[in-house]
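For reference, query06.cif (mmCIF, C-alpha atoms):
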data_upload
#
loop_
_atom_site.label_atom_id
_atom_site.label_comp_id
_atom_site.auth_asym_id
_atom_site.auth_seq_id
_atom_site.Cartn_x
_atom_site.Cartn_y
_atom_site.Cartn_z
CA MET A 1 6.51 28.17 47.74
CA GLN A 2 5.26 29.55 44.45
CA ASP A 3 8.79 30.72 43.52
CA LYS A 4 10.11 27.26 44.19
CA GLU A 5 7.48 25.65 41.93
CA ARG A 6 8.23 28.09 39.13
CA HIS A 7 11.91 27.31 39.50
CA ASN A 8 11.36 23.56 39.22
CA ASN A 9 9.05 23.91 36.22
CA GLN A 10 11.48 26.21 34.41
CA TRP A 11 14.44 23.79 34.43
CA GLU A 12 12.25 21.00 33.07
CA GLN A 13 10.94 23.15 30.21
CA ASP A 14 14.37 24.51 29.30
CA TRP A 15 15.85 21.01 29.34
CA LEU A 16 13.16 19.52 27.10
CA GLU A 17 13.56 22.38 24.62
CA GLY A 18 17.33 21.87 24.49
CA ASN A 19 18.16 25.19 26.17
CA LEU A 20 19.63 23.54 29.27
CA SER A 21 22.20 20.72 29.49
CA SER A 22 21.58 17.63 31.63
CA GLU A 23 24.30 18.72 34.07
CA ASP A 24 22.75 22.16 34.52
CA ALA A 25 19.31 20.59 34.89
CA VAL A 26 20.51 18.49 37.82
CA ARG A 27 22.00 21.55 39.51
CA SER A 28 18.86 23.60 38.89
CA THR A 29 16.52 21.32 40.79
CA GLU A 30 16.59 20.46 44.46
CA ASN A 31 15.15 17.01 43.61
CA ALA A 32 17.83 15.42 41.44
CA PRO A 33 15.98 12.05 41.43
CA ASP A 34 13.16 13.79 39.58
CA PHE A 35 15.48 14.56 36.72
CA HIS A 36 16.96 11.07 36.56
CA LEU A 37 13.55 9.42 36.44
CA LEU A 38 12.29 11.74 33.72
CA ASN A 39 15.51 11.11 31.83
CA LYS A 40 14.67 7.40 31.88
CA TYR A 41 11.42 8.11 30.06
CA VAL A 42 13.22 10.10 27.40
CA ASN A 43 15.95 7.50 26.90
CA GLY A 44 13.35 4.76 26.77
CA TYR A 45 11.59 6.52 23.93
CA ARG A 46 14.82 7.15 22.03
CA ALA A 47 15.72 3.47 22.30
CA MET A 48 12.59 2.39 20.49
CA ASP A 49 13.92 1.43 17.08
CA ALA A 50 11.35 -0.68 15.27
CA PRO A 51 11.39 -1.86 11.66
CA GLU A 52 9.58 0.38 9.24
CA LYS A 53 6.85 -2.21 8.61
CA THR A 54 6.06 -2.79 12.28
CA SER A 55 2.33 -3.26 12.80
CA LYS A 56 0.27 -1.02 15.06
CA ALA A 57 -0.18 -3.87 17.57
CA GLU A 58 3.54 -4.58 17.66
CA ALA A 59 4.34 -0.88 17.98
CA TRP A 60 1.94 -0.49 20.90
CA ASN A 61 3.36 -3.54 22.70
CA MET A 62 6.86 -2.14 22.22
CA LEU A 63 5.82 1.26 23.56
CA GLU A 64 4.11 -0.30 26.58
CA ALA A 65 7.18 -2.40 27.38
CA LYS A 66 9.46 0.63 27.18
CA ILE A 67 7.19 2.68 29.46
CA ASN A 68 7.14 -0.11 32.04
CA GLU A 69 10.91 -0.49 31.83
CA ALA A 70 11.52 3.24 32.13
CA SER A 71 9.21 3.58 35.12
CA LYS A 72 11.02 0.91 37.15
CA SER A 73 13.21 2.36 39.86
CA GLU A 74 14.76 1.33 43.13
CA THR A 75 12.26 0.90 45.98
CA LYS A 76 12.20 4.12 47.95
CA VAL A 77 10.00 5.90 50.44
CA ILE A 78 8.84 8.97 48.55
CA PRO A 79 7.91 11.91 50.77
CA ILE A 80 4.26 12.84 50.44
CA TYR A 81 5.16 16.49 50.07
CA ARG A 82 7.17 15.96 46.85
CA ASN A 83 5.93 18.22 44.10
CA THR A 84 3.16 16.45 42.15
CA TRP A 85 3.87 18.42 38.99
CA PHE A 86 6.54 15.89 38.05
CA ILE A 87 4.10 12.97 37.94
CA GLY A 88 1.84 14.81 35.52
CA ILE A 89 4.76 15.99 33.41
CA ALA A 90 6.24 12.49 33.13
CA ALA A 91 2.92 10.86 32.24
CA SER A 92 1.98 13.50 29.67
CA PHE A 93 5.46 13.50 28.18
CA THR A 94 5.41 9.71 27.76
CA LEU A 95 1.95 9.66 26.19
CA ILE A 96 2.81 12.42 23.71
CA LEU A 97 6.09 10.85 22.66
CA GLY A 98 4.45 7.44 22.44
CA ALA A 99 1.68 8.76 20.21
CA LEU A 100 4.19 10.46 17.93
CA TYR A 101 6.23 7.26 17.80
CA LEU A 102 3.21 5.20 16.81
CA LEU A 103 2.28 7.66 14.09
CA ASN A 104 5.81 7.51 12.77
CA LEU A 105 5.68 3.70 12.60
CA THR A 106 2.32 3.42 10.90
CA GLN A 107 2.89 5.56 7.83
CA GLU A 108 1.65 2.77 5.56
CA ILE A 109 -0.90 3.90 3.03
CA ARG A 110 -3.54 1.47 1.79
CA VAL A 111 -6.02 2.15 -1.00
CA GLU A 112 -8.66 -0.31 -2.14
CA THR A 113 -11.34 -0.09 -4.82
CA GLY A 114 -14.58 -2.05 -5.04
CA PHE A 115 -16.45 -3.29 -8.06
CA ALA A 116 -17.17 -0.59 -10.66
CA GLU A 117 -14.74 1.79 -8.91
CA SER A 118 -11.37 3.29 -9.84
CA GLU A 119 -8.96 5.58 -8.04
CA MET A 120 -6.03 7.87 -8.89
CA ILE A 121 -3.27 7.92 -6.26
CA TYR A 122 -0.46 10.48 -6.04
CA LEU A 123 2.72 9.07 -4.51
CA PRO A 124 5.18 11.16 -2.41
CA ASP A 125 7.47 11.71 -5.44
CA SER A 126 4.53 12.76 -7.69
CA SER A 127 4.44 9.37 -9.41
CA ILE A 128 0.85 8.33 -10.10
CA ILE A 129 -1.07 5.08 -9.70
CA HIS A 130 -4.32 4.63 -11.62
CA LEU A 131 -6.04 1.83 -9.69
CA ASN A 132 -8.64 -0.24 -11.53
CA SER A 133 -11.75 -1.81 -10.00
CA ASP A 134 -11.54 -4.55 -7.36
CA SER A 135 -7.87 -3.79 -6.71
CA LYS A 136 -5.71 -2.66 -3.81
CA VAL A 137 -2.26 -1.17 -3.26
CA SER A 138 -0.18 -0.37 -0.21
CA TYR A 139 3.09 1.45 0.35
CA SER A 140 5.06 3.18 3.09
CA GLU A 141 5.66 6.93 3.02
CA LYS A 142 8.61 6.58 5.38
CA GLY A 143 11.87 6.58 3.43
CA TRP A 144 9.96 6.63 0.16
CA ASN A 145 12.64 8.39 -1.92
CA LYS A 146 15.14 5.65 -1.06
CA ASN A 147 12.78 2.70 -1.27
CA ARG A 148 9.93 3.15 -3.75
CA GLU A 149 8.06 -0.12 -3.27
CA ILE A 150 4.41 -0.92 -3.96
CA GLN A 151 2.31 -3.94 -3.03
CA LEU A 152 -0.41 -4.60 -5.64
CA SER A 153 -3.32 -6.97 -5.90
CA GLY A 154 -5.48 -6.39 -8.96
CA GLU A 155 -4.77 -4.02 -11.83
CA ALA A 156 -3.13 -0.60 -12.01
CA PHE A 157 -1.40 1.67 -14.48
CA PHE A 158 1.74 3.40 -13.21
CA GLU A 159 3.34 6.70 -14.24
CA VAL A 160 6.72 6.68 -12.52
CA LYS A 161 8.95 9.71 -12.04
CA LEU A 162 12.69 9.35 -12.50
CA GLY A 163 14.49 8.54 -9.28
CA SER A 164 15.54 5.54 -7.24
CA ASN A 165 14.45 2.03 -8.17
CA PHE A 166 10.69 1.56 -8.27
CA ALA A 167 9.25 -1.90 -7.62
CA VAL A 168 5.72 -3.28 -7.84
CA ASN A 169 5.36 -6.54 -5.91
CA THR A 170 2.49 -8.95 -6.57
CA ASN A 171 1.78 -12.55 -5.63
CA ASN A 172 2.61 -13.56 -9.21
CA GLY A 173 5.80 -11.59 -9.82
CA THR A 174 7.69 -8.32 -9.51
CA VAL A 175 8.01 -5.34 -11.88
CA GLU A 176 11.04 -3.04 -11.53
CA VAL A 177 11.62 0.27 -13.31
CA LEU A 178 13.64 3.48 -13.13
CA GLY A 179 11.20 5.89 -14.78
CA THR A 180 8.44 4.82 -17.11
CA SER A 181 4.75 4.04 -17.50
CA PHE A 182 3.33 0.55 -17.53
CA ASN A 183 0.26 -1.52 -16.72
CA VAL A 184 0.10 -4.47 -14.33
CA ARG A 185 -2.78 -6.93 -13.95
CA SER A 186 -2.29 -9.52 -11.22
CA ARG A 187 -5.38 -11.47 -10.21
CA THR A 188 -5.20 -15.00 -8.77
CA ASN A 189 -3.41 -16.93 -11.55
CA THR A 190 -3.48 -14.06 -14.05
CA PHE A 191 -0.38 -11.88 -14.44
CA ASN A 192 -0.01 -9.49 -17.37
CA VAL A 193 2.45 -6.59 -17.71
CA ALA A 194 2.64 -4.14 -20.63
CA CYS A 195 5.16 -1.31 -21.06
CA LYS A 196 4.00 2.00 -22.50
CA THR A 197 7.15 4.14 -22.09
CA GLY A 198 10.66 3.53 -20.79
CA LYS A 199 11.86 0.07 -19.80
CA VAL A 200 10.75 -2.47 -17.21
CA ARG A 201 12.03 -5.76 -15.87
CA VAL A 202 9.41 -8.37 -14.99
CA SER A 203 10.44 -11.35 -12.90
CA ASN A 204 9.10 -14.25 -10.89
CA LYS A 205 10.60 -17.40 -9.37
CA GLU A 206 11.08 -19.03 -12.79
CA ASN A 207 12.46 -16.36 -15.13
CA GLN A 208 12.60 -12.69 -16.06
CA VAL A 209 11.71 -10.62 -19.13
CA ILE A 210 12.71 -7.11 -20.22
CA LEU A 211 9.96 -4.97 -21.75
CA THR A 212 10.26 -1.84 -23.88
CA PRO A 213 7.40 0.33 -25.22
CA GLY A 214 4.74 -1.69 -27.02
CA LEU A 215 5.72 -5.04 -25.50
CA SER A 216 3.91 -7.19 -22.95
CA THR A 217 4.33 -10.47 -21.14
CA ARG A 218 2.08 -12.79 -19.16
CA LEU A 219 2.23 -15.97 -17.17
CA LYS A 220 1.73 -19.31 -18.91
CA LYS A 221 2.03 -22.38 -16.71
CA GLY A 222 4.00 -20.38 -14.17
CA VAL A 223 6.54 -19.04 -16.68
CA LEU A 224 6.72 -15.53 -18.18
CA ILE A 225 6.34 -15.79 -21.96
CA GLU A 226 8.59 -14.01 -24.43
CA PRO A 227 7.52 -10.39 -25.07
CA LEU A 228 4.57 -9.89 -27.42
CA GLU A 229 3.76 -6.74 -29.37
CA VAL A 230 0.67 -4.85 -28.27
CA SER A 231 -0.92 -1.57 -29.26
CA VAL A 232 0.58 1.18 -27.09
CA LYS A 233 -2.77 2.97 -27.08
CA SER A 234 -4.57 -0.07 -25.69
CA ILE A 235 -2.21 -0.65 -22.74
CA ASP A 236 -4.07 1.68 -20.35
CA SER A 237 -7.24 2.12 -22.39
CA TRP A 238 -9.32 1.06 -19.37
CA ARG A 239 -8.66 4.52 -17.97
CA ASN A 240 -10.64 5.98 -20.89
CA GLY A 241 -13.55 3.54 -20.73
CA GLU A 242 -12.18 0.74 -22.94
CA THR A 243 -10.62 -2.54 -21.84
CA PHE A 244 -8.67 -4.79 -24.22
CA LEU A 245 -7.94 -8.32 -23.04
CA ASP A 246 -5.38 -9.70 -25.47
CA GLY A 247 -4.67 -13.42 -25.27
CA SER A 248 -7.02 -13.77 -22.30
CA THR A 249 -9.37 -16.64 -21.52
CA LEU A 250 -13.13 -16.40 -21.68
CA GLN A 251 -13.18 -16.82 -17.91
CA ASP A 252 -10.91 -13.77 -17.59
CA ALA A 253 -13.35 -11.80 -19.75
CA PHE A 254 -16.27 -12.87 -17.55
CA ASN A 255 -14.35 -11.90 -14.41
CA GLU A 256 -13.51 -8.44 -15.79
CA LEU A 257 -17.14 -7.92 -16.82
CA GLU A 258 -18.22 -8.61 -13.24
CA ARG A 259 -15.60 -6.25 -11.79
CA ILE A 260 -16.25 -3.37 -14.18
CA PHE A 261 -20.05 -3.38 -13.97
CA ASN A 262 -20.64 -5.09 -10.61
CA VAL A 263 -22.82 -7.79 -12.19
CA LYS A 264 -23.09 -11.58 -11.91
CA VAL A 265 -22.26 -13.72 -14.95
CA ILE A 266 -24.34 -16.89 -15.27
CA HIS A 267 -23.49 -19.72 -17.69
CA GLU A 268 -23.33 -23.48 -18.10
CA LEU A 269 -20.33 -23.55 -20.40
CA PRO A 270 -17.76 -26.36 -20.08
CA GLN A 271 -14.29 -25.68 -18.68
CA ALA A 272 -12.74 -26.19 -22.09
CA GLU A 273 -14.79 -23.26 -23.41
CA LEU A 274 -13.86 -21.07 -20.44
CA ASP A 275 -10.16 -21.82 -20.98
CA GLY A 276 -10.29 -20.81 -24.64
CA THR A 277 -8.31 -17.63 -25.36
CA GLY A 278 -9.03 -14.64 -27.53
CA THR A 279 -8.92 -10.85 -27.74
CA PHE A 280 -11.85 -9.22 -25.99
CA TYR A 281 -12.94 -5.59 -26.19
CA LEU A 282 -15.07 -4.26 -23.34
CA ASP A 283 -16.71 -0.84 -23.50
CA THR A 284 -16.63 0.02 -19.80
CA LYS A 285 -19.26 2.73 -20.28
CA SER A 286 -21.91 0.38 -21.69
CA LEU A 287 -22.79 -3.00 -20.18
CA SER A 288 -24.84 -4.07 -23.19
CA GLU A 289 -22.01 -3.23 -25.62
CA ALA A 290 -19.46 -5.12 -23.52
CA VAL A 291 -21.73 -8.17 -23.25
CA GLN A 292 -22.43 -8.23 -26.98
CA SER A 293 -18.72 -7.93 -27.76
CA ILE A 294 -17.90 -11.03 -25.70
CA GLY A 295 -20.79 -12.92 -27.27
CA LEU A 296 -19.70 -12.08 -30.80
CA THR A 297 -16.05 -12.97 -30.09
CA LYS A 298 -16.92 -16.47 -28.84
CA GLY A 299 -20.13 -17.07 -30.82
CA LEU A 300 -22.41 -17.02 -27.78
CA ASP A 301 -25.91 -15.78 -27.07
CA SER A 302 -26.22 -13.28 -24.24
CA ASN A 303 -28.91 -11.65 -22.13
CA VAL A 304 -28.82 -8.83 -19.57
CA ASP A 305 -31.40 -8.84 -16.78
CA GLY A 306 -30.67 -6.21 -14.16
CA LYS A 307 -27.50 -7.28 -12.35
CA GLU A 308 -27.39 -10.70 -14.01
CA VAL A 309 -25.77 -11.48 -17.37
CA THR A 310 -26.37 -14.86 -19.00
CA PHE A 311 -24.21 -16.48 -21.71
CA SER A 312 -25.17 -19.65 -23.60
CA TYR A 313 -24.53 -21.44 -26.87
CA LYS A 314 -26.49 -20.16 -29.84
CA LEU A 315 -29.54 -22.21 -30.67
CA LYS A 316 -29.38 -23.92 -34.09
#
For the file at hand, write its structure as structure tokens.
Amino acid sequence: MQDKERHNNQWEQDWLEGNLSSEDAVRSTENAPDFHLLNKYVNGYRAMDAPEKTSKAEAWNMLEAKINEASKSETKVIPIYRNTWFIGIAASFTLILGALYLLNLTQEIRVETGFAESEMIYLPDSSIIHLNSDSKVSYSEKGWNKNREIQLSGEAFFEVKLGSNFAVNTNNGTVEVLGTSFNVRSRTNTFNVACKTGKVRVSNKENQVILTPGLSTRLKKGVLIEPLEVSVKSIDSWRNGETFLDGSTLQDAFNELERIFNVKVIHELPQAELDGTGTFYLDTKSLSEAVQSIGLTKGLDSNVDGKEVTFSYKLK
């Protein structure tokens, strides 16, 4: 009896490892139906071909359906003395393959920063993302070298290695490059792209703009404006503790102040004042310096009280 069990176990192991053909496996076991049922499990797994961006829930439902399909067989009376090793082997084999399949489908990486946080992310090709505060990115590691695609909400500076096309998708537009460094800020209705090295193409539903080093573009009434010259050194200055907001509204400056320092800005300024544009310099290492800079730029009084920052018109 023991020799028989060892015999049955050996053909199954050799077949799974590729050392035994299917025909030889059938001849090696006295229970040919065992082989055919196990083969259904294997073929069911191999047939699972889901899109790369399949969610975990969808992947699990697909796996469950395939297991149920593979386990269906003609109604038979199975002798009670049939070796029980097969049941355990089939169940374990299915669970292992299913787990590996799910891991393979869910290779999406997500990184998110909170207020007053930043993160440096190394991509599979050694490209780098410098993620600013209150921002998030996601990408898939599977097939990365052929499809380098990033989803961004917030602000990030990219250092892209030469290779296949590299695209950054946002709700406001898309940035495409071959190998370069550039900064993208996409928050609600704000979309600003500046090129530091190389060449980038920025596009949305309305138009597209080509940027070379020292040029930037932004959205104005849903349309990308013609490239404007900017200081190359200021493009990613936020990484070194300085943020330049060129051509930004006062509301944008307030929003960045809240993100960088995790504070609450309080004011009673009219909408017309908030919509006024200017160039703002924020020292991200000093709340008081950043607040004073905004106040001086727009001629406002300011006060810092713990986590609250108040702006108001100067008293005459």
| field | Residues matched by the PyMOL selection byres ((chain A and resi 269-284) around 6), written as a VMD selection string | value | chain A and resid 241 to 251 267 to 268 285 to 286 290
| field | Selected residue of minimal separation from Asp134 in chain A among A:Ser231, A:Asn255, A:Ser312, A:Ser293, counting only C-alpha atoms | value |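 Ranking A:Ser231, A:Asn255, A:Ser312, A:Ser293 by distance to Asp134 in chain A, first place goes to A:Asn255.
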| 9 Å contact set for Met120 in chain A, all atoms listed in the file, chain neighbours under 3 positions out, as a ChimeraX atom specification | /A:128-132
| message | With only C-alpha atoms as the counted atoms, please give the residues lying no more than 7 Å from Lys196 in chain A, apart from itself and same-chain residues fewer than 5 positions off, as a VMD selection string. | response | chain A and resid 181 to 182 213 to 214 232 235
For the residues selected in the previous step, produce a file with C-alpha atoms as an mmCIF file, in the frame of the given file.
data_model
loop_
_atom_site.group_PDB
_atom_site.id
_atom_site.type_symbol
_atom_site.label_atom_id
_atom_site.label_comp_id
_atom_site.auth_asym_id
_atom_site.auth_seq_id
_atom_site.Cartn_x
_atom_site.Cartn_y
_atom_site.Cartn_z
ATOM 1 C CA SER A 181 4.750 4.040 -17.500
ATOM 2 C CA PHE A 182 3.330 0.550 -17.530
ATOM 3 C CA PRO A 213 7.400 0.330 -25.220
ATOM 4 C CA GLY A 214 4.740 -1.690 -27.020
ATOM 5 C CA VAL A 232 0.580 1.180 -27.090
ATOM 6 C CA ILE A 235 -2.210 -0.650 -22.740
#
Can you translate the PyMOL selection byres ((chain A and resi 257) around 10) into the concrete residues it hits in this file, as a PDB file with C-alpha atoms, in the coordinates of the input?
ATOM      1  CA  PHE A 115     -16.450  -3.290  -8.060  1.00  0.00           C
ATOM      2  CA  ALA A 116     -17.170  -0.590 -10.660  1.00  0.00           C
ATOM      3  CA  THR A 243     -10.620  -2.540 -21.840  1.00  0.00           C
ATOM      4  CA  GLN A 251     -13.180 -16.820 -17.910  1.00  0.00           C
ATOM      5  CA  ASP A 252     -10.910 -13.770 -17.590  1.00  0.00           C
ATOM      6  CA  ALA A 253     -13.350 -11.800 -19.750  1.00  0.00           C
ATOM      7  CA  PHE A 254     -16.270 -12.870 -17.550  1.00  0.00           C
ATOM      8  CA  ASN A 255     -14.350 -11.900 -14.410  1.00  0.00           C
ATOM      9  CA  GLU A 256     -13.510  -8.440 -15.790  1.00  0.00           C
ATOM     10  CA  GLU A 258     -18.220  -8.610 -13.240  1.00  0.00           C
ATOM     11  CA  ARG A 259     -15.600  -6.250 -11.790  1.00  0.00           C
ATOM     12  CA  ILE A 260     -16.250  -3.370 -14.180  1.00  0.00           C
ATOM     13  CA  PHE A 261     -20.050  -3.380 -13.970  1.00  0.00           C
ATOM     14  CA  ASN A 262     -20.640  -5.090 -10.610  1.00  0.00           C
ATOM     15  CA  VAL A 263     -22.820  -7.790 -12.190  1.00  0.00           C
ATOM     16  CA  LYS A 264     -23.090 -11.580 -11.910  1.00  0.00           C
ATOM     17  CA  VAL A 265     -22.260 -13.720 -14.950  1.00  0.00           C
ATOM     18  CA  LEU A 282     -15.070  -4.260 -23.340  1.00  0.00           C
ATOM     19  CA  ASP A 283     -16.710  -0.840 -23.500  1.00  0.00           C
ATOM     20  CA  THR A 284     -16.630   0.020 -19.800  1.00  0.00           C
ATOM     21  CA  LEU A 287     -22.790  -3.000 -20.180  1.00  0.00           C
ATOM     22  CA  ALA A 290     -19.460  -5.120 -23.520  1.00  0.00           C
ATOM     23  CA  VAL A 291     -21.730  -8.170 -23.250  1.00  0.00           C
ATOM     24  CA  ILE A 294     -17.900 -11.030 -25.700  1.00  0.00           C
ATOM     25  CA  VAL A 309     -25.770 -11.480 -17.370  1.00  0.00           C
TER      26      VAL A 309
END
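Ranking A:Thr180, A:Asn303, A:Ala194, A:Arg187 by their shortest atom-to-atom distance to Glu155 in chain A, with all atoms listed in the file included, puts A:Arg187 first.
The shortest atom-to-atom distance to Glu108 in chain A, with all atoms listed in the file taken into account, belongs to A:Val137 out of A:Ile121, A:Val137, A:Ile225, A:Ile266.
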| task | Return the single residue from A:Asn171, A:Gly222, A:Val160, A:Asn147 that is closest to Cys195 in chain A, with distances computed using all atoms listed in the file. | result |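 Smallest separation from Cys195 in chain A among the options: A:Val160.
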| query | With all atoms listed in the file as the atoms that count, which of A:Arg239, A:Glu159, A:Gln292, A:Thr190 lies nearest to Tyr122 in chain A? | reply |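 Going through A:Arg239, A:Glu159, A:Gln292, A:Thr190 one by one, the smallest distance to Tyr122 in chain A is for A:Glu159.
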| message | On this structure, the PyMOL selection byres ((chain A and resi 151) around 8) would catch which residues? List them as a ChimeraX atom specification, sorted by chain and number. | response | /A:137-139,149-150,152-153,168-170
Let me see the file: selected residues, C-alpha atoms, as a PDB file, in the coordinates of the input.
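What landed in result.pdb:
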ATOM      1  CA  VAL A 137      -2.260  -1.170  -3.260  1.00  0.00           C
ATOM      2  CA  SER A 138      -0.180  -0.370  -0.210  1.00  0.00           C
ATOM      3  CA  TYR A 139       3.090   1.450   0.350  1.00  0.00           C
ATOM      4  CA  GLU A 149       8.060  -0.120  -3.270  1.00  0.00           C
ATOM      5  CA  ILE A 150       4.410  -0.920  -3.960  1.00  0.00           C
ATOM      6  CA  LEU A 152      -0.410  -4.600  -5.640  1.00  0.00           C
ATOM      7  CA  SER A 153      -3.320  -6.970  -5.900  1.00  0.00           C
ATOM      8  CA  VAL A 168       5.720  -3.280  -7.840  1.00  0.00           C
ATOM      9  CA  ASN A 169       5.360  -6.540  -5.910  1.00  0.00           C
ATOM     10  CA  THR A 170       2.490  -8.950  -6.570  1.00  0.00           C
TER      11      THR A 170
END
Find the axis-aligned box for range 123-139 of chain A, covering all its listed atoms and adding 5 Å on each side, and write its centre and edge lengths in Å to one decimal as AutoDock Vina command-line options.
--center_x -2.1 --center_y 4.1 --center_z -5.6 --size_x 29.2 --size_y 27.3 --size_z 22.0
